[in-house]
file work_18.pdb (PDB, C-alpha atoms)
ATOM      1  CA  MET G   1     -87.415 143.679 -19.116  1.00  0.00           C
ATOM      2  CA  LEU G   2     -86.969 141.878 -15.819  1.00  0.00           C
ATOM      3  CA  GLU G   3     -85.140 144.131 -13.342  1.00  0.00           C
ATOM      4  CA  ILE G   4     -85.316 142.033 -10.222  1.00  0.00           C
ATOM      5  CA  ASN G   5     -82.366 143.855  -8.652  1.00  0.00           C
ATOM      6  CA  LYS G   6     -84.494 147.016  -8.386  1.00  0.00           C
ATOM      7  CA  THR G   7     -87.160 145.376  -6.250  1.00  0.00           C
ATOM      8  CA  LYS G   8     -87.339 145.435  -2.452  1.00  0.00           C
ATOM      9  CA  SER G   9     -88.394 141.845  -1.764  1.00  0.00           C
ATOM     10  CA  VAL G  10     -88.597 138.438  -3.404  1.00  0.00           C
ATOM     11  CA  ILE G  11     -90.920 135.714  -2.150  1.00  0.00           C
ATOM     12  CA  PHE G  12     -90.136 132.121  -3.064  1.00  0.00           C
ATOM     13  CA  ASP G  13     -92.563 129.256  -3.211  1.00  0.00           C
ATOM     14  CA  MET G  14     -90.794 126.239  -1.737  1.00  0.00           C
ATOM     15  CA  ASP G  15     -91.810 122.921  -3.293  1.00  0.00           C
ATOM     16  CA  GLY G  16     -90.547 122.788  -6.865  1.00  0.00           C
ATOM     17  CA  VAL G  17     -88.808 126.186  -6.649  1.00  0.00           C
ATOM     18  CA  ILE G  18     -86.358 125.929  -3.749  1.00  0.00           C
ATOM     19  CA  VAL G  19     -86.273 122.192  -3.302  1.00  0.00           C
ATOM     20  CA  ASP G  20     -86.876 119.296  -5.657  1.00  0.00           C
ATOM     21  CA  SER G  21     -89.578 117.935  -3.376  1.00  0.00           C
ATOM     22  CA  GLU G  22     -92.306 116.997  -5.842  1.00  0.00           C
ATOM     23  CA  PRO G  23     -90.984 113.386  -6.062  1.00  0.00           C
ATOM     24  CA  LEU G  24     -90.935 113.270  -2.247  1.00  0.00           C
ATOM     25  CA  TRP G  25     -94.550 114.435  -2.025  1.00  0.00           C
ATOM     26  CA  LEU G  26     -95.534 111.823  -4.591  1.00  0.00           C
ATOM     27  CA  GLU G  27     -93.737 109.037  -2.717  1.00  0.00           C
ATOM     28  CA  ALA G  28     -95.245 110.075   0.615  1.00  0.00           C
ATOM     29  CA  GLU G  29     -98.793 110.437  -0.714  1.00  0.00           C
ATOM     30  CA  LEU G  30     -98.767 107.101  -2.542  1.00  0.00           C
ATOM     31  CA  GLN G  31     -97.349 105.282   0.484  1.00  0.00           C
ATOM     32  CA  ILE G  32     -99.408 106.874   3.252  1.00  0.00           C
ATOM     33  CA  PHE G  33    -102.761 106.777   1.494  1.00  0.00           C
ATOM     34  CA  LYS G  34    -102.103 103.163   0.484  1.00  0.00           C
ATOM     35  CA  SER G  35    -101.512 102.331   4.156  1.00  0.00           C
ATOM     36  CA  PHE G  36    -105.051 103.573   4.795  1.00  0.00           C
ATOM     37  CA  GLY G  37    -106.503 101.529   1.937  1.00  0.00           C
ATOM     38  CA  LEU G  38    -106.577 104.154  -0.824  1.00  0.00           C
ATOM     39  CA  ILE G  39    -104.566 103.341  -3.945  1.00  0.00           C
ATOM     40  CA  LEU G  40    -103.573 106.503  -5.795  1.00  0.00           C
ATOM     41  CA  THR G  41    -101.685 106.979  -9.050  1.00  0.00           C
ATOM     42  CA  PRO G  42     -99.204 109.738  -9.903  1.00  0.00           C
ATOM     43  CA  LYS G  43    -101.911 111.241 -12.123  1.00  0.00           C
ATOM     44  CA  ASP G  44    -104.298 111.306  -9.148  1.00  0.00           C
ATOM     45  CA  CYS G  45    -101.737 113.247  -7.126  1.00  0.00           C
ATOM     46  CA  GLU G  46    -101.577 115.918  -9.837  1.00  0.00           C
ATOM     47  CA  LEU G  47    -105.125 116.895  -8.811  1.00  0.00           C
ATOM     48  CA  THR G  48    -103.917 118.176  -5.439  1.00  0.00           C
ATOM     49  CA  LYS G  49    -100.537 119.609  -6.448  1.00  0.00           C
ATOM     50  CA  GLY G  50     -99.915 122.943  -4.722  1.00  0.00           C
ATOM     51  CA  MET G  51    -102.615 122.429  -2.092  1.00  0.00           C
ATOM     52  CA  ARG G  52    -102.053 122.646   1.652  1.00  0.00           C
ATOM     53  CA  LEU G  53    -101.432 119.282   3.293  1.00  0.00           C
ATOM     54  CA  ALA G  54    -104.724 119.497   5.180  1.00  0.00           C
ATOM     55  CA  ASN G  55    -106.582 120.224   1.935  1.00  0.00           C
ATOM     56  CA  ILE G  56    -104.954 117.244   0.228  1.00  0.00           C
ATOM     57  CA  VAL G  57    -106.101 114.968   3.033  1.00  0.00           C
ATOM     58  CA  ASP G  58    -109.578 116.522   2.991  1.00  0.00           C
ATOM     59  CA  PHE G  59    -109.823 116.059  -0.792  1.00  0.00           C
ATOM     60  CA  TRP G  60    -109.218 112.316  -0.632  1.00  0.00           C
ATOM     61  CA  TYR G  61    -110.989 111.817   2.689  1.00  0.00           C
ATOM     62  CA  LYS G  62    -114.266 112.982   1.180  1.00  0.00           C
ATOM     63  CA  LYS G  63    -113.870 110.660  -1.793  1.00  0.00           C
ATOM     64  CA  ARG G  64    -112.873 107.615   0.294  1.00  0.00           C
ATOM     65  CA  ASN G  65    -115.191 108.294   3.242  1.00  0.00           C
ATOM     66  CA  TRP G  66    -113.116 106.516   5.915  1.00  0.00           C
ATOM     67  CA  ASN G  67    -114.960 105.562   9.088  1.00  0.00           C
ATOM     68  CA  ASN G  68    -112.073 104.184  11.142  1.00  0.00           C
ATOM     69  CA  VAL G  69    -109.565 107.031  10.872  1.00  0.00           C
ATOM     70  CA  THR G  70    -109.655 110.820  11.183  1.00  0.00           C
ATOM     71  CA  GLN G  71    -108.256 113.407   8.794  1.00  0.00           C
ATOM     72  CA  GLU G  72    -105.910 114.539  11.554  1.00  0.00           C
ATOM     73  CA  GLU G  73    -104.422 111.042  11.876  1.00  0.00           C
ATOM     74  CA  ILE G  74    -103.796 110.793   8.141  1.00  0.00           C
ATOM     75  CA  GLY G  75    -102.339 114.302   8.064  1.00  0.00           C
ATOM     76  CA  LYS G  76     -99.894 113.563  10.875  1.00  0.00           C
ATOM     77  CA  LYS G  77     -98.702 110.379   9.149  1.00  0.00           C
ATOM     78  CA  LEU G  78     -98.236 112.201   5.850  1.00  0.00           C
ATOM     79  CA  GLU G  79     -96.373 115.090   7.497  1.00  0.00           C
ATOM     80  CA  ALA G  80     -94.068 112.736   9.403  1.00  0.00           C
ATOM     81  CA  LYS G  81     -93.272 110.775   6.237  1.00  0.00           C
ATOM     82  CA  LEU G  82     -92.461 113.970   4.349  1.00  0.00           C
ATOM     83  CA  ILE G  83     -90.110 115.183   7.094  1.00  0.00           C
ATOM     84  CA  GLU G  84     -88.360 111.805   6.958  1.00  0.00           C
ATOM     85  CA  LEU G  85     -87.988 111.927   3.160  1.00  0.00           C
ATOM     86  CA  ILE G  86     -86.762 115.538   3.201  1.00  0.00           C
ATOM     87  CA  ALA G  87     -84.030 114.645   5.685  1.00  0.00           C
ATOM     88  CA  GLU G  88     -82.998 111.674   3.539  1.00  0.00           C
ATOM     89  CA  LYS G  89     -83.358 112.873  -0.033  1.00  0.00           C
ATOM     90  CA  ALA G  90     -84.100 116.595  -0.454  1.00  0.00           C
ATOM     91  CA  THR G  91     -81.903 118.453  -2.948  1.00  0.00           C
ATOM     92  CA  ALA G  92     -81.816 122.117  -3.980  1.00  0.00           C
ATOM     93  CA  LYS G  93     -83.136 123.190  -7.364  1.00  0.00           C
ATOM     94  CA  GLU G  94     -80.599 124.213  -9.987  1.00  0.00           C
ATOM     95  CA  GLY G  95     -79.263 127.723  -9.459  1.00  0.00           C
ATOM     96  CA  LEU G  96     -80.841 128.226  -6.035  1.00  0.00           C
ATOM     97  CA  PHE G  97     -77.768 129.291  -4.085  1.00  0.00           C
ATOM     98  CA  GLU G  98     -76.413 131.512  -6.859  1.00  0.00           C
ATOM     99  CA  VAL G  99     -79.745 133.377  -6.971  1.00  0.00           C
ATOM    100  CA  LEU G 100     -79.991 133.676  -3.184  1.00  0.00           C
ATOM    101  CA  ILE G 101     -76.442 135.016  -2.862  1.00  0.00           C
ATOM    102  CA  LYS G 102     -76.987 137.557  -5.659  1.00  0.00           C
ATOM    103  CA  LEU G 103     -80.248 138.787  -4.136  1.00  0.00           C
ATOM    104  CA  LYS G 104     -78.736 139.158  -0.667  1.00  0.00           C
ATOM    105  CA  GLN G 105     -75.796 141.083  -2.156  1.00  0.00           C
ATOM    106  CA  ASN G 106     -78.396 143.532  -3.494  1.00  0.00           C
ATOM    107  CA  ASN G 107     -79.928 143.884  -0.006  1.00  0.00           C
ATOM    108  CA  ILE G 108     -83.209 142.354  -1.153  1.00  0.00           C
ATOM    109  CA  SER G 109     -85.398 140.870   1.578  1.00  0.00           C
ATOM    110  CA  LEU G 110     -86.306 137.228   1.021  1.00  0.00           C
ATOM    111  CA  ALA G 111     -89.184 135.072   2.205  1.00  0.00           C
ATOM    112  CA  ILE G 112     -90.627 131.625   1.688  1.00  0.00           C
ATOM    113  CA  CYS G 113     -94.384 131.339   1.197  1.00  0.00           C
ATOM    114  CA  SER G 114     -95.400 127.702   0.954  1.00  0.00           C
ATOM    115  CA  SER G 115     -98.536 125.595   1.094  1.00  0.00           C
ATOM    116  CA  SER G 116     -96.503 123.122   3.152  1.00  0.00           C
ATOM    117  CA  PRO G 117     -96.707 123.110   6.964  1.00  0.00           C
ATOM    118  CA  LEU G 118     -94.087 125.165   8.807  1.00  0.00           C
ATOM    119  CA  SER G 119     -92.518 121.926  10.035  1.00  0.00           C
ATOM    120  CA  LEU G 120     -91.716 120.981   6.425  1.00  0.00           C
ATOM    121  CA  ILE G 121     -90.414 124.460   5.594  1.00  0.00           C
ATOM    122  CA  LYS G 122     -88.046 124.234   8.559  1.00  0.00           C
ATOM    123  CA  ALA G 123     -87.050 120.686   7.587  1.00  0.00           C
ATOM    124  CA  VAL G 124     -86.068 121.903   4.106  1.00  0.00           C
ATOM    125  CA  CYS G 125     -84.189 124.921   5.483  1.00  0.00           C
ATOM    126  CA  ASN G 126     -82.345 122.663   7.895  1.00  0.00           C
ATOM    127  CA  LYS G 127     -81.439 120.118   5.224  1.00  0.00           C
ATOM    128  CA  LEU G 128     -80.222 122.748   2.739  1.00  0.00           C
ATOM    129  CA  ASN G 129     -78.807 125.251   5.282  1.00  0.00           C
ATOM    130  CA  LEU G 130     -81.136 128.056   4.193  1.00  0.00           C
ATOM    131  CA  PHE G 131     -82.062 129.778   7.454  1.00  0.00           C
ATOM    132  CA  SER G 132     -79.512 132.567   6.984  1.00  0.00           C
ATOM    133  CA  TYR G 133     -80.965 133.593   3.620  1.00  0.00           C
ATOM    134  CA  PHE G 134     -84.626 134.082   4.489  1.00  0.00           C
ATOM    135  CA  ASP G 135     -86.135 136.815   6.640  1.00  0.00           C
ATOM    136  CA  ILE G 136     -89.615 135.270   6.767  1.00  0.00           C
ATOM    137  CA  LEU G 137     -90.905 131.692   6.658  1.00  0.00           C
ATOM    138  CA  GLN G 138     -94.631 131.706   5.910  1.00  0.00           C
ATOM    139  CA  SER G 139     -96.849 128.633   5.780  1.00  0.00           C
ATOM    140  CA  ALA G 140    -100.311 128.821   4.254  1.00  0.00           C
ATOM    141  CA  GLU G 141    -101.465 126.500   7.037  1.00  0.00           C
ATOM    142  CA  ASN G 142    -101.523 129.617   9.235  1.00  0.00           C
ATOM    143  CA  CYS G 143    -103.877 131.410   6.832  1.00  0.00           C
ATOM    144  CA  GLU G 144    -107.646 131.120   6.645  1.00  0.00           C
ATOM    145  CA  PHE G 145    -107.335 130.436   2.926  1.00  0.00           C
ATOM    146  CA  GLY G 146    -104.583 128.663   1.011  1.00  0.00           C
ATOM    147  CA  LYS G 147    -103.336 129.162  -2.534  1.00  0.00           C
ATOM    148  CA  PRO G 148    -104.812 130.066  -5.069  1.00  0.00           C
ATOM    149  CA  HIS G 149    -106.355 132.613  -2.685  1.00  0.00           C
ATOM    150  CA  PRO G 150    -104.057 135.664  -2.343  1.00  0.00           C
ATOM    151  CA  GLU G 151    -104.008 135.570   1.485  1.00  0.00           C
ATOM    152  CA  PRO G 152    -100.727 133.595   1.852  1.00  0.00           C
ATOM    153  CA  TYR G 153     -98.814 136.077  -0.303  1.00  0.00           C
ATOM    154  CA  ILE G 154    -100.480 139.142   1.182  1.00  0.00           C
ATOM    155  CA  SER G 155     -99.625 137.879   4.670  1.00  0.00           C
ATOM    156  CA  THR G 156     -95.997 137.307   3.650  1.00  0.00           C
ATOM    157  CA  MET G 157     -95.783 140.753   2.061  1.00  0.00           C
ATOM    158  CA  LEU G 158     -97.017 142.422   5.241  1.00  0.00           C
ATOM    159  CA  LYS G 159     -94.475 140.527   7.340  1.00  0.00           C
ATOM    160  CA  LEU G 160     -91.741 141.752   4.993  1.00  0.00           C
ATOM    161  CA  ASN G 161     -93.034 145.297   5.510  1.00  0.00           C
ATOM    162  CA  THR G 162     -93.232 145.881   1.776  1.00  0.00           C
ATOM    163  CA  THR G 163     -95.895 146.555  -0.857  1.00  0.00           C
ATOM    164  CA  PHE G 164     -97.154 144.503  -3.792  1.00  0.00           C
ATOM    165  CA  ASN G 165     -95.478 146.743  -6.388  1.00  0.00           C
ATOM    166  CA  LYS G 166     -92.068 146.242  -4.745  1.00  0.00           C
ATOM    167  CA  CYS G 167     -92.280 142.482  -4.578  1.00  0.00           C
ATOM    168  CA  PHE G 168     -91.534 139.620  -6.968  1.00  0.00           C
ATOM    169  CA  VAL G 169     -92.819 136.081  -6.484  1.00  0.00           C
ATOM    170  CA  ILE G 170     -91.140 132.960  -7.875  1.00  0.00           C
ATOM    171  CA  GLU G 171     -93.586 130.087  -8.435  1.00  0.00           C
ATOM    172  CA  ASP G 172     -93.675 126.777 -10.274  1.00  0.00           C
ATOM    173  CA  THR G 173     -97.387 125.905 -10.148  1.00  0.00           C
ATOM    174  CA  VAL G 174    -100.396 127.566 -11.741  1.00  0.00           C
ATOM    175  CA  THR G 175    -102.158 127.468  -8.363  1.00  0.00           C
ATOM    176  CA  GLY G 176     -99.359 129.408  -6.689  1.00  0.00           C
ATOM    177  CA  ALA G 177     -98.992 131.854  -9.561  1.00  0.00           C
ATOM    178  CA  ILE G 178    -102.721 132.650  -9.434  1.00  0.00           C
ATOM    179  CA  SER G 179    -102.348 133.336  -5.709  1.00  0.00           C
ATOM    180  CA  ALA G 180     -99.481 135.775  -6.282  1.00  0.00           C
ATOM    181  CA  LYS G 181    -101.176 137.561  -9.184  1.00  0.00           C
ATOM    182  CA  ALA G 182    -104.348 137.899  -7.115  1.00  0.00           C
ATOM    183  CA  ALA G 183    -102.148 139.641  -4.538  1.00  0.00           C
ATOM    184  CA  ARG G 184    -101.145 142.022  -7.380  1.00  0.00           C
ATOM    185  CA  MET G 185     -97.499 140.949  -7.399  1.00  0.00           C
ATOM    186  CA  LYS G 186     -95.185 140.335 -10.351  1.00  0.00           C
ATOM    187  CA  VAL G 187     -94.765 136.615 -10.938  1.00  0.00           C
ATOM    188  CA  ILE G 188     -91.728 134.778 -12.255  1.00  0.00           C
ATOM    189  CA  ALA G 189     -92.867 131.308 -13.278  1.00  0.00           C
ATOM    190  CA  ILE G 190     -90.501 128.353 -13.379  1.00  0.00           C
ATOM    191  CA  PRO G 191     -92.744 125.525 -14.598  1.00  0.00           C
ATOM    192  CA  GLU G 192     -91.512 121.975 -14.205  1.00  0.00           C
ATOM    193  CA  GLY G 193     -90.489 120.028 -17.305  1.00  0.00           C
ATOM    194  CA  GLU G 194     -92.945 120.093 -20.180  1.00  0.00           C
ATOM    195  CA  ASN G 195     -95.200 122.452 -18.238  1.00  0.00           C
ATOM    196  CA  TYR G 196     -92.877 125.225 -19.395  1.00  0.00           C
ATOM    197  CA  PHE G 197     -94.588 125.099 -22.785  1.00  0.00           C
ATOM    198  CA  SER G 198     -98.114 125.211 -21.362  1.00  0.00           C
ATOM    199  CA  SER G 199    -100.278 128.236 -22.152  1.00  0.00           C
ATOM    200  CA  LYS G 200    -101.631 128.003 -18.586  1.00  0.00           C
ATOM    201  CA  TYR G 201     -98.704 130.179 -17.486  1.00  0.00           C
ATOM    202  CA  ASP G 202     -99.326 132.944 -20.022  1.00  0.00           C
ATOM    203  CA  PHE G 203    -100.750 135.255 -17.343  1.00  0.00           C
ATOM    204  CA  CYS G 204     -97.408 135.300 -15.490  1.00  0.00           C
ATOM    205  CA  ASP G 205     -95.093 138.280 -15.983  1.00  0.00           C
ATOM    206  CA  TYR G 206     -91.981 136.237 -16.754  1.00  0.00           C
ATOM    207  CA  LYS G 207     -91.209 132.578 -17.414  1.00  0.00           C
ATOM    208  CA  PHE G 208     -87.932 130.668 -17.179  1.00  0.00           C
ATOM    209  CA  LYS G 209     -86.931 127.017 -17.289  1.00  0.00           C
ATOM    210  CA  THR G 210     -84.646 127.182 -14.224  1.00  0.00           C
ATOM    211  CA  LEU G 211     -83.598 129.570 -11.472  1.00  0.00           C
ATOM    212  CA  SER G 212     -80.196 129.794 -13.143  1.00  0.00           C
ATOM    213  CA  GLU G 213     -81.750 131.734 -16.024  1.00  0.00           C
ATOM    214  CA  ILE G 214     -82.692 134.547 -13.617  1.00  0.00           C
ATOM    215  CA  ILE G 215     -79.092 135.230 -12.547  1.00  0.00           C
ATOM    216  CA  PRO G 216     -78.194 137.559 -15.481  1.00  0.00           C
ATOM    217  CA  TYR G 217     -81.090 139.826 -14.455  1.00  0.00           C
ATOM    218  CA  ILE G 218     -79.642 140.361 -10.979  1.00  0.00           C
ATOM    219  CA  SER G 219     -76.726 142.803 -11.095  1.00  0.00           C
TER
END
call {"tool": "encode", "arguments": {"input": "work_18.pdb", "output": "structure tokens"}}
result
Amino acid sequence: MLEINKTKSVIFDMDGVIVDSEPLWLEAELQIFKSFGLILTPKDCELTKGMRLANIVDFWYKKRNWNNVTQEEIGKKLEAKLIELIAEKATAKEGLFEVLIKLKQNNISLAICSSSPLSLIKAVCNKLNLFSYFDILQSAENCEFGKPHPEPYISTMLKLNTTFNKCFVIEDTVTGAISAKAARMKVIAIPEGENYFSSKYDFCDYKFKTLSEIIPYIS
């Protein structure tokens, strides 16, 4: 049985867990890559879901082989577009604030561990007024390896001054869940839409459709 109230720390993925940003990523990727001559489809963008921004750019850069633009230029354009869209359209996922308030009432330390750049994490926290809830904001861009490697979650755990057996992770993607499990943490999966029924998440410790479903397990 899930007893999240007995843990010391909870680490949240950001995109798709805290904020409904997947549509924003899709809009930004389609628009920015098109501006550089690469036409992507929503299905194409699924291939890089959960990757660091730099890895997304690198993935398509190698396939397109641009000669007149650098990866850094594309990355900066994509990051700027995402910050713009977050400020305009970002909304919290269902049940987010109820879960955060309950966890803080139980004196549980909270962190964000995201593949997104720190600038995007801060943009989301600013838009949704989240700074007061989280003790640590960790971007995988500051790690040698991104998800699904365990480094981002191990780094976050160390900053929280906790251990893997006293830490829960809330993730929505298989890539992120693999990262957390590789760090030996308990994983609560909240897959998006029809992904909830996918067997790809069977390795996770718990699975829910929304954050709201976790609330009864926090005293």
call {"tool": "resolve_selection", "arguments": {"input": "work_18.pdb", "expression": "the PyMOL selection byres ((chain G and resi 82-93) around 12)", "output": "count of residues only"}}
result
57
call {"tool": "resolve_selection", "arguments": {"input": "work_18.pdb", "expression": "the PyMOL selection byres ((chain G and resi 141-156) around 10)", "output": "PyMOL selection string"}}
result
chain G and resi 11-13+50-55+111-118+136-140+157-164+169+173-185
call {"tool": "atom_distance", "arguments": {"input": "work_18.pdb", "atom1": "CA of Ile218 in chain G", "atom2": "CA of Glu171 in chain G"}}
result
17.5 Å
call {"tool": "atom_distance", "arguments": {"input": "work_18.pdb", "atom1": "CA of Arg64 in chain G", "atom2": "CA of Cys45 in chain G"}}
result
14.5 Å
call {"tool": "closest_residue", "arguments": {"input": "work_18.pdb", "among": "G:Val10, G:Ile74, G:Met1, G:Val57", "to": "Asn165 in chain G", "atoms": "only C-alpha atoms"}}
result
G:Val10
call {"tool": "atom_distance", "arguments": {"input": "work_18.pdb", "atom1": "CA of Ile170 in chain G", "atom2": "CA of Leu47 in chain G"}}
result
21.3 Å
call {"tool": "residues_around", "arguments": {"input": "work_18.pdb", "residues": "Asn65 in chain G", "least_positions_apart": "5", "cutoff": "12 Å", "atoms": "only C-alpha atoms", "output": "PyMOL selection string"}}
result
chain G and resi 36-38+57-60+70-71
